[in-house]
$ cat final.csv   # CSV, C-alpha atoms
chain,number,residue,atom,x,y,z
A,9,MET,CA,9.3,-29.3,13.7
A,10,ARG,CA,6.0,-31.1,13.5
A,11,ILE,CA,4.3,-32.6,10.4
A,12,ILE,CA,0.5,-32.6,10.6
A,13,GLU,CA,-1.6,-34.4,8.0
A,14,THR,CA,-5.1,-34.3,9.5
A,15,ILE,CA,-7.5,-31.4,10.1
A,16,LYS,CA,-8.3,-32.7,13.6
A,17,GLU,CA,-4.6,-32.7,14.7
A,18,LEU,CA,-4.1,-29.2,13.1
A,19,ARG,CA,-7.1,-27.8,15.0
A,20,GLN,CA,-5.8,-29.1,18.3
A,21,TRP,CA,-2.3,-27.6,17.6
A,22,VAL,CA,-3.9,-24.2,16.8
A,23,ALA,CA,-6.0,-24.4,20.0
A,24,ASP,CA,-3.0,-25.2,22.1
A,25,THR,CA,-0.9,-22.5,20.4
A,26,ARG,CA,-3.6,-19.9,20.9
A,27,ALA,CA,-4.1,-20.9,24.5
A,28,ALA,CA,-0.4,-20.2,25.1
A,29,GLY,CA,-0.9,-16.7,23.8
A,30,SER,CA,1.3,-17.2,20.7
A,31,THR,CA,0.7,-15.5,17.3
A,32,ILE,CA,0.6,-17.6,14.2
A,33,GLY,CA,1.9,-16.9,10.7
A,34,LEU,CA,0.8,-18.9,7.7
A,35,VAL,CA,2.9,-19.6,4.6
A,36,PRO,CA,0.7,-21.4,2.0
A,37,THR,CA,2.7,-23.4,-0.6
A,38,MET,CA,2.3,-26.2,-3.1
A,39,GLY,CA,5.8,-27.5,-2.1
A,40,PHE,CA,8.9,-28.0,-4.2
A,41,LEU,CA,10.3,-25.2,-2.1
A,42,HIS,CA,12.8,-22.5,-3.3
A,43,GLU,CA,14.3,-19.3,-2.1
A,44,GLY,CA,11.1,-17.4,-2.7
A,45,HIS,CA,9.3,-19.6,-0.2
A,46,MET,CA,12.1,-19.2,2.3
A,47,LYS,CA,11.8,-15.4,2.0
A,48,LEU,CA,8.1,-15.8,3.0
A,49,VAL,CA,9.2,-17.9,6.0
A,50,SER,CA,11.9,-15.5,7.1
A,51,THR,CA,9.5,-12.6,6.9
A,52,ALA,CA,6.9,-14.5,8.8
A,53,LYS,CA,9.3,-15.5,11.5
A,54,ASP,CA,10.2,-11.9,12.2
A,55,GLU,CA,6.5,-11.1,12.8
A,56,ASN,CA,5.0,-14.2,14.6
A,57,ASP,CA,5.7,-16.6,17.4
A,58,ALA,CA,4.8,-19.7,15.4
A,59,ILE,CA,4.9,-20.6,11.7
A,60,VAL,CA,2.7,-23.0,9.8
A,61,MET,CA,3.6,-23.9,6.3
A,62,SER,CA,1.0,-25.7,4.2
A,63,ILE,CA,2.3,-28.0,1.5
A,64,PHE,CA,-0.6,-29.1,-0.7
A,65,VAL,CA,-0.8,-29.4,-4.4
A,66,ASN,CA,-4.3,-28.1,-4.8
A,67,PRO,CA,-6.2,-29.9,-7.6
A,68,ALA,CA,-9.0,-27.3,-7.5
A,69,GLN,CA,-6.8,-24.7,-9.2
A,70,PHE,CA,-5.6,-26.9,-12.1
A,71,GLY,CA,-7.5,-27.1,-15.3
A,72,PRO,CA,-8.1,-30.4,-17.2
A,73,ASP,CA,-5.2,-29.8,-19.5
A,74,GLU,CA,-2.8,-28.4,-16.9
A,75,ASP,CA,0.1,-30.0,-15.0
A,76,PHE,CA,-1.4,-31.3,-11.7
A,77,ASP,CA,0.0,-34.9,-12.1
A,78,ARG,CA,3.4,-33.8,-13.1
A,79,TYR,CA,3.7,-30.8,-10.8
A,80,PRO,CA,7.1,-31.2,-9.1
A,81,ARG,CA,7.0,-32.8,-5.6
A,82,ASN,CA,9.7,-33.7,-3.1
A,83,MET,CA,8.4,-33.9,0.4
A,84,ALA,CA,11.7,-35.1,1.9
A,85,ARG,CA,13.6,-32.1,0.5
A,86,ASP,CA,10.8,-29.7,1.5
A,87,THR,CA,10.7,-31.0,5.0
A,88,GLN,CA,14.4,-30.4,5.5
A,89,LEU,CA,14.3,-26.9,4.0
A,90,ALA,CA,11.3,-26.0,6.2
A,91,LYS,CA,13.0,-27.3,9.3
A,92,ASP,CA,16.2,-25.5,8.5
A,93,ALA,CA,14.2,-22.3,8.0
A,94,GLY,CA,12.5,-22.5,11.4
A,95,VAL,CA,9.0,-23.6,10.4
A,96,ASP,CA,7.1,-25.0,13.4
A,97,VAL,CA,4.5,-27.0,11.6
A,98,ILE,CA,4.1,-28.4,8.1
A,99,PHE,CA,0.5,-29.0,7.3
A,100,ALA,CA,0.6,-31.6,4.5
A,101,PRO,CA,-2.9,-33.1,4.1
A,102,SER,CA,-4.0,-35.5,1.4
A,103,VAL,CA,-6.5,-34.4,-1.3
A,104,GLU,CA,-9.1,-36.6,0.5
A,105,GLU,CA,-8.5,-34.9,3.8
A,106,MET,CA,-9.0,-31.4,2.3
A,107,TYR,CA,-11.8,-32.3,-0.1
A,108,PRO,CA,-13.6,-35.4,1.4
A,109,ARG,CA,-16.7,-34.8,-0.9
A,110,GLN,CA,-17.8,-32.7,-3.8
A,111,SER,CA,-18.4,-29.1,-2.7
A,112,ALA,CA,-22.0,-28.0,-2.8
A,113,ILE,CA,-21.0,-24.4,-2.5
A,114,THR,CA,-18.4,-22.6,-4.7
A,115,ILE,CA,-16.5,-19.4,-4.4
A,116,SER,CA,-16.0,-17.1,-7.4
A,117,ALA,CA,-13.1,-14.7,-7.9
A,118,GLY,CA,-15.3,-12.6,-10.0
A,119,ARG,CA,-14.1,-9.6,-12.0
A,120,LEU,CA,-10.6,-9.7,-10.7
A,121,ALA,CA,-10.1,-13.1,-12.4
A,122,GLU,CA,-11.1,-11.7,-15.8
A,123,GLN,CA,-7.6,-10.3,-16.5
A,124,LEU,CA,-4.1,-11.7,-16.7
A,125,CYS,CA,-3.8,-15.4,-15.8
A,126,GLY,CA,-7.4,-15.7,-15.0
A,127,LYS,CA,-8.4,-14.9,-18.5
A,128,SER,CA,-6.6,-17.9,-20.0
A,129,ARG,CA,-7.1,-20.2,-16.9
A,130,PRO,CA,-10.9,-20.1,-16.2
A,131,GLY,CA,-11.7,-21.4,-12.8
A,132,HIS,CA,-8.1,-21.3,-11.6
A,133,PHE,CA,-8.6,-18.5,-9.0
A,134,ASP,CA,-11.9,-20.0,-7.8
A,135,GLY,CA,-9.8,-23.0,-6.9
A,136,VAL,CA,-7.2,-20.8,-5.2
A,137,LEU,CA,-9.9,-19.1,-3.1
A,138,LYS,CA,-11.3,-22.5,-2.1
A,139,VAL,CA,-8.1,-23.8,-0.6
A,140,VAL,CA,-7.1,-20.4,0.9
A,141,THR,CA,-10.5,-20.0,2.6
A,142,LYS,CA,-10.1,-23.5,4.2
A,143,LEU,CA,-6.5,-22.7,5.3
A,144,PHE,CA,-7.5,-19.4,6.8
A,145,HIS,CA,-10.3,-21.1,8.8
A,146,LEU,CA,-8.1,-24.1,9.9
A,147,VAL,CA,-4.9,-22.3,10.8
A,148,GLN,CA,-6.5,-19.1,12.1
A,149,PRO,CA,-3.4,-17.1,11.4
A,150,ASP,CA,-2.7,-13.5,12.5
A,151,LYS,CA,-0.9,-13.0,9.2
A,152,ALA,CA,-0.6,-14.9,6.0
A,153,TYR,CA,2.3,-14.5,3.5
A,154,PHE,CA,2.1,-14.4,-0.3
A,155,GLY,CA,4.7,-13.6,-2.9
A,156,GLN,CA,4.4,-10.6,-5.3
A,157,LYS,CA,5.4,-12.8,-8.3
A,158,ASP,CA,1.8,-14.1,-8.3
A,159,ALA,CA,0.4,-10.6,-8.2
A,160,GLN,CA,-3.1,-11.4,-9.5
A,161,GLN,CA,-3.4,-14.1,-6.9
A,162,LEU,CA,-2.2,-11.6,-4.2
A,163,ALA,CA,-4.8,-9.0,-5.3
A,164,ILE,CA,-7.6,-11.6,-5.3
A,165,ILE,CA,-6.7,-12.9,-1.8
A,166,GLU,CA,-6.4,-9.4,-0.4
A,167,SER,CA,-9.9,-8.7,-1.7
A,168,LEU,CA,-11.2,-12.0,-0.2
A,169,ALA,CA,-9.8,-11.1,3.2
A,170,ASP,CA,-11.2,-7.5,3.0
A,171,ASP,CA,-14.6,-8.3,1.5
A,172,PHE,CA,-15.3,-11.2,4.0
A,173,ASN,CA,-13.7,-9.7,7.1
A,174,PHE,CA,-11.2,-12.4,7.7
A,175,PRO,CA,-9.5,-11.5,11.0
A,176,LEU,CA,-6.0,-11.6,9.6
A,177,GLN,CA,-3.5,-9.5,7.7
A,178,ILE,CA,-2.3,-10.4,4.2
A,179,ARG,CA,1.4,-9.6,3.9
A,180,ARG,CA,3.0,-9.0,0.5
A,181,VAL,CA,6.6,-10.3,0.0
A,182,GLY,CA,8.7,-9.2,-2.9
A,183,THR,CA,9.7,-11.5,-5.8
A,184,VAL,CA,12.9,-13.5,-5.3
A,185,ARG,CA,15.0,-13.8,-8.4
A,186,GLU,CA,18.0,-15.7,-9.8
A,187,GLU,CA,21.2,-13.7,-10.4
A,188,ASP,CA,20.2,-13.2,-14.0
A,189,GLY,CA,16.8,-11.8,-13.1
A,190,LEU,CA,14.6,-14.8,-13.7
A,191,ALA,CA,11.9,-15.1,-11.0
A,192,LYS,CA,12.2,-18.1,-8.8
A,193,SER,CA,9.5,-20.7,-9.6
A,194,SER,CA,9.0,-24.4,-9.1
A,195,ARG,CA,8.2,-24.7,-12.8
A,196,ASN,CA,11.7,-23.4,-13.8
A,197,VAL,CA,12.9,-27.1,-13.7
A,198,TYR,CA,10.8,-27.7,-16.8
A,199,LEU,CA,12.9,-25.3,-19.0
A,200,THR,CA,15.3,-26.7,-21.5
A,201,GLU,CA,18.8,-25.5,-21.5
A,202,GLN,CA,18.1,-23.1,-24.3
A,203,GLU,CA,14.8,-21.9,-22.8
A,204,ARG,CA,16.7,-21.2,-19.5
A,205,LYS,CA,19.1,-18.9,-21.4
A,206,GLU,CA,16.1,-17.1,-22.9
A,207,ALA,CA,14.0,-16.8,-19.7
A,208,PRO,CA,15.8,-13.8,-18.1
A,209,HIS,CA,14.5,-11.7,-21.1
A,210,LEU,CA,11.1,-11.7,-19.4
A,211,LYS,CA,12.4,-9.4,-16.7
A,212,LYS,CA,14.2,-7.3,-19.2
A,213,ALA,CA,11.0,-7.0,-21.2
A,214,LEU,CA,9.2,-5.8,-18.1
A,215,GLU,CA,11.9,-3.2,-17.4
A,216,LEU,CA,11.6,-1.9,-21.0
A,217,GLY,CA,7.8,-1.9,-20.7
A,218,LYS,CA,8.0,0.1,-17.5
A,219,GLN,CA,10.2,2.7,-19.2
A,220,ALA,CA,7.7,3.0,-22.0
A,221,ALA,CA,4.8,3.3,-19.6
A,222,LEU,CA,6.5,6.1,-17.7
A,223,ALA,CA,7.2,7.9,-21.0
A,224,LYS,CA,3.5,7.6,-21.9
A,225,GLN,CA,4.3,5.1,-24.7
A,226,ASP,CA,2.6,1.7,-25.3
A,227,PRO,CA,4.4,-0.8,-23.0
A,228,VAL,CA,2.6,-3.8,-24.5
A,229,ALA,CA,3.9,-3.1,-28.0
A,230,VAL,CA,7.5,-2.6,-26.8
A,231,MET,CA,7.4,-5.8,-24.8
A,232,THR,CA,5.8,-7.9,-27.5
A,233,ASP,CA,8.5,-6.9,-30.0
A,234,TYR,CA,11.3,-7.6,-27.5
A,235,LEU,CA,10.0,-11.0,-26.4
A,236,ARG,CA,9.5,-12.1,-30.0
A,237,ASP,CA,13.1,-11.1,-30.8
A,238,HIS,CA,14.7,-12.7,-27.7
A,239,THR,CA,12.7,-15.8,-26.8
A,240,SER,CA,11.2,-18.8,-28.5
A,241,GLY,CA,8.2,-18.9,-26.1
A,242,LYS,CA,4.6,-18.1,-27.0
A,243,ILE,CA,3.2,-15.0,-25.4
A,244,ASP,CA,0.1,-15.8,-23.5
A,245,TYR,CA,-0.5,-12.2,-22.4
A,246,ILE,CA,1.1,-8.9,-21.7
A,247,GLN,CA,-1.1,-6.4,-19.8
A,248,PHE,CA,-0.7,-3.0,-18.2
A,249,LEU,CA,-3.4,-2.4,-15.5
A,250,SER,CA,-4.1,-0.6,-12.3
A,251,TYR,CA,-3.2,-2.4,-9.1
A,252,PRO,CA,-4.7,-4.1,-7.1
A,253,ASP,CA,-8.1,-3.4,-8.7
A,254,LEU,CA,-6.9,-4.6,-12.2
A,255,THR,CA,-8.7,-2.2,-14.4
A,256,GLU,CA,-7.4,-0.6,-17.7
A,257,LYS,CA,-7.6,2.9,-16.3
A,258,VAL,CA,-4.2,3.3,-14.9
A,259,GLU,CA,-3.6,6.2,-12.5
A,260,GLY,CA,-1.3,5.7,-9.5
A,261,ASP,CA,-0.3,2.2,-8.6
A,262,ALA,CA,0.1,-0.1,-11.7
A,263,ILE,CA,1.1,-3.6,-12.7
A,264,LEU,CA,2.8,-4.6,-15.8
A,265,ALA,CA,2.5,-8.4,-16.2
A,266,LEU,CA,3.2,-11.1,-18.6
A,267,ALA,CA,3.0,-14.9,-19.2
A,268,VAL,CA,5.1,-16.8,-21.7
A,269,GLN,CA,4.5,-20.4,-22.6
A,270,PHE,CA,7.6,-22.4,-23.3
A,271,GLU,CA,7.5,-26.1,-24.4
A,272,LYS,CA,6.8,-27.5,-20.9
A,273,ALA,CA,6.8,-24.4,-18.7
A,274,ARG,CA,4.5,-21.4,-18.5
A,275,LEU,CA,6.3,-18.6,-16.8
A,276,ILE,CA,4.8,-15.5,-15.3
A,277,ASP,CA,6.4,-12.3,-14.0
A,278,ASN,CA,5.4,-8.7,-13.2
A,279,LEU,CA,6.5,-5.3,-12.0
A,280,LEU,CA,4.5,-3.1,-9.7
A,281,PHE,CA,5.2,0.6,-9.9
A,282,THR,CA,3.5,4.0,-9.8
A,283,VAL,CA,2.5,6.3,-12.7
A,284,LYS,CA,1.1,9.8,-12.5
A,285,GLY,CA,-1.5,9.0,-15.1
A,286,ASN,CA,-1.9,7.5,-18.5

$ encode --input "final.csv" --output "structure tokens"
Amino acid sequence: MRIIETIKELRQWVADTRAAGSTIGLVPTMGFLHEGHMKLVSTAKDENDAIVMSIFVNPAQFGPDEDFDRYPRNMARDTQLAKDAGVDVIFAPSVEEMYPRQSAITISAGRLAEQLCGKSRPGHFDGVLKVVTKLFHLVQPDKAYFGQKDAQQLAIIESLADDFNFPLQIRRVGTVREEDGLAKSSRNVYLTEQERKEAPHLKKALELGKQAALAKQDPVAVMTDYLRDHTSGKIDYIQFLSYPDLTEKVEGDAILALAVQFEKARLIDNLLFTVKGN
């Protein structure tokens, strides 16, 4: 496995790989890898000749009061996990390498960022699109792999690829969970012992909400009551929307999503399912 830290070296590797006729899969990450990332890699390996994993904690997607400085990092551990999983290249640039100057042009996520996490994190998805656009251009992947746990991010990136005709396929990969149902997340390490016991109730709340939605009842009310009874976290949002267009008129594919703020960890989760109408 090769670790590349500069854009120049990455471009040369991409040119050589393309010249050899190999396909490339991209797994973008912010590091501190877990089983969810490994599922992205294993899916990518089944579908491509070479795998690039980016490890870059992207400052553009963090707000001024968010956890950029304390976001968990462990490059040595990540390198070993990526190597064991069969990653061919880790692209691990510095912030200065990715953003050598203040950008004169910005990208806006638009309407899709007005719901869910985007509503309470203004500018977050603009920052995601900034780094993803750069990675797509630099790596030139045939396919790029994103987890369903970040379903709003997934919808926005799919829209980016479609709207601007990126010559690649966005692949959705299902959420990986702990045995008790908690979605794998790098931020789970911030949970206290008591909060970790409470956290699986997020998935249970989603399941109850889905049952309510399919019965034409109000899933938000059902989930709100359940979470208030079973967790000490503060509910940031609970929303029931169409998917992937994220509108309140739900007919067909839908998303039921939530975010709960614990003392030092903000956890998100969702379920995607189909309804006949609402």

$ atom_distance --input "final.csv" --atom1 "atom CA of Glu259 of chain A" --atom2 "atom CA of Val228 of chain A"
16.8 Å

$ atom_distance --input "final.csv" --atom1 "atom CA of Lys212 of chain A" --atom2 "atom CA of Val230 of chain A"
11.2 Å

$ closest_atom_pairs --input "final.csv" --of "segment 166-225 of chain A" --to "segment 30-51 of chain A" --cutoff "8 Å" --atoms "all atoms listed in the file" --output "Markdown table"
| residue | atom | partner | partner_atom | distance |
| --- | --- | --- | --- | --- |
| A:Val181 | CA | A:Leu48 | CA | 6.4 |
| A:Thr183 | CA | A:Gly44 | CA | 6.8 |
| A:Val184 | CA | A:Gly44 | CA | 5.0 |
| A:Arg185 | CA | A:Gly44 | CA | 7.8 |
| A:Lys192 | CA | A:Gly44 | CA | 6.2 |
| A:Ser193 | CA | A:His42 | CA | 7.3 |
| A:Ser194 | CA | A:Phe40 | CA | 6.1 |

$ closest_residue --input "final.csv" --among "A:Val136, A:Lys272, A:Ile59, A:Asp24" --to "Ala93 of chain A" --atoms "all atoms listed in the file"
A:Ile59

$ atom_distance --input "final.csv" --atom1 "atom CA of Pro101 of chain A" --atom2 "atom CA of Glu166 of chain A"
24.4 Å

$ residues_around --input "final.csv" --residues "segment 241-257 of chain A" --least-positions-apart "4" --cutoff "8 Å" --atoms "only C-alpha atoms" --output "PyMOL selection string"
chain A and resi 120+123-124+128+160+163+203+227-228+231-232+235-236+261-271+280+286

$ residues_around --input "final.csv" --residues "Met106 of chain A" --least-positions-apart "4" --cutoff "12 Å" --atoms "only C-alpha atoms" --output "ChimeraX atom specification"
/A:13-16,62-68,99-102,110-111,138-143,146

$ closest_residue --input "final.csv" --among "A:Lys218, A:Arg195, A:Arg19, A:Arg10" --to "Pro80 of chain A" --atoms "all atoms listed in the file"
A:Arg195

$ residues_around --input "final.csv" --residues "Ala207 of chain A" --least-positions-apart "3" --cutoff "8 Å" --atoms "all atoms listed in the file" --output "compact mmCIF listing (two decimals) with C-alpha atoms, keeping the file's coordinate frame"
# COMPACT_ATOMS: atom_id res chain seq x y z
CA LEU A 190 14.60 -14.80 -13.70
CA GLU A 203 14.80 -21.90 -22.80
CA ARG A 204 16.70 -21.20 -19.50
CA LEU A 210 11.10 -11.70 -19.40
CA THR A 239 12.70 -15.80 -26.80

$ residues_near_point --input "final.csv" --point "(-8.9, -13.2, -5.4)" --cutoff "10 Å" --atoms "only C-alpha atoms" --output "list in words"
Ile115, Ser116, Ala117, Gly118, Arg119, Leu120, Ala121, Phe133, Asp134, Gly135, Val136, Leu137, Val140, Gln160, Gln161, Leu162, Ala163, Ile164, Ile165, Glu166, Ser167, Leu168 and Ala169 of chain A

$ closest_residue --input "final.csv" --among "A:Val60, A:Ala191, A:Ile178, A:Ala273" --to "Asp75 of chain A" --atoms "all atoms listed in the file"
A:Ala273

$ residues_around --input "final.csv" --residues "Met9 of chain A" --least-positions-apart "3" --cutoff "8 Å" --atoms "only C-alpha atoms" --output "JSON, numbers by chain"
{"A": [91, 94, 95, 96, 97, 98]}

$ closest_residue --input "final.csv" --among "A:Glu17, A:Glu206, A:Asp171, A:Asp57" --to "Gly29 of chain A" --atoms "only C-alpha atoms"
A:Asp57
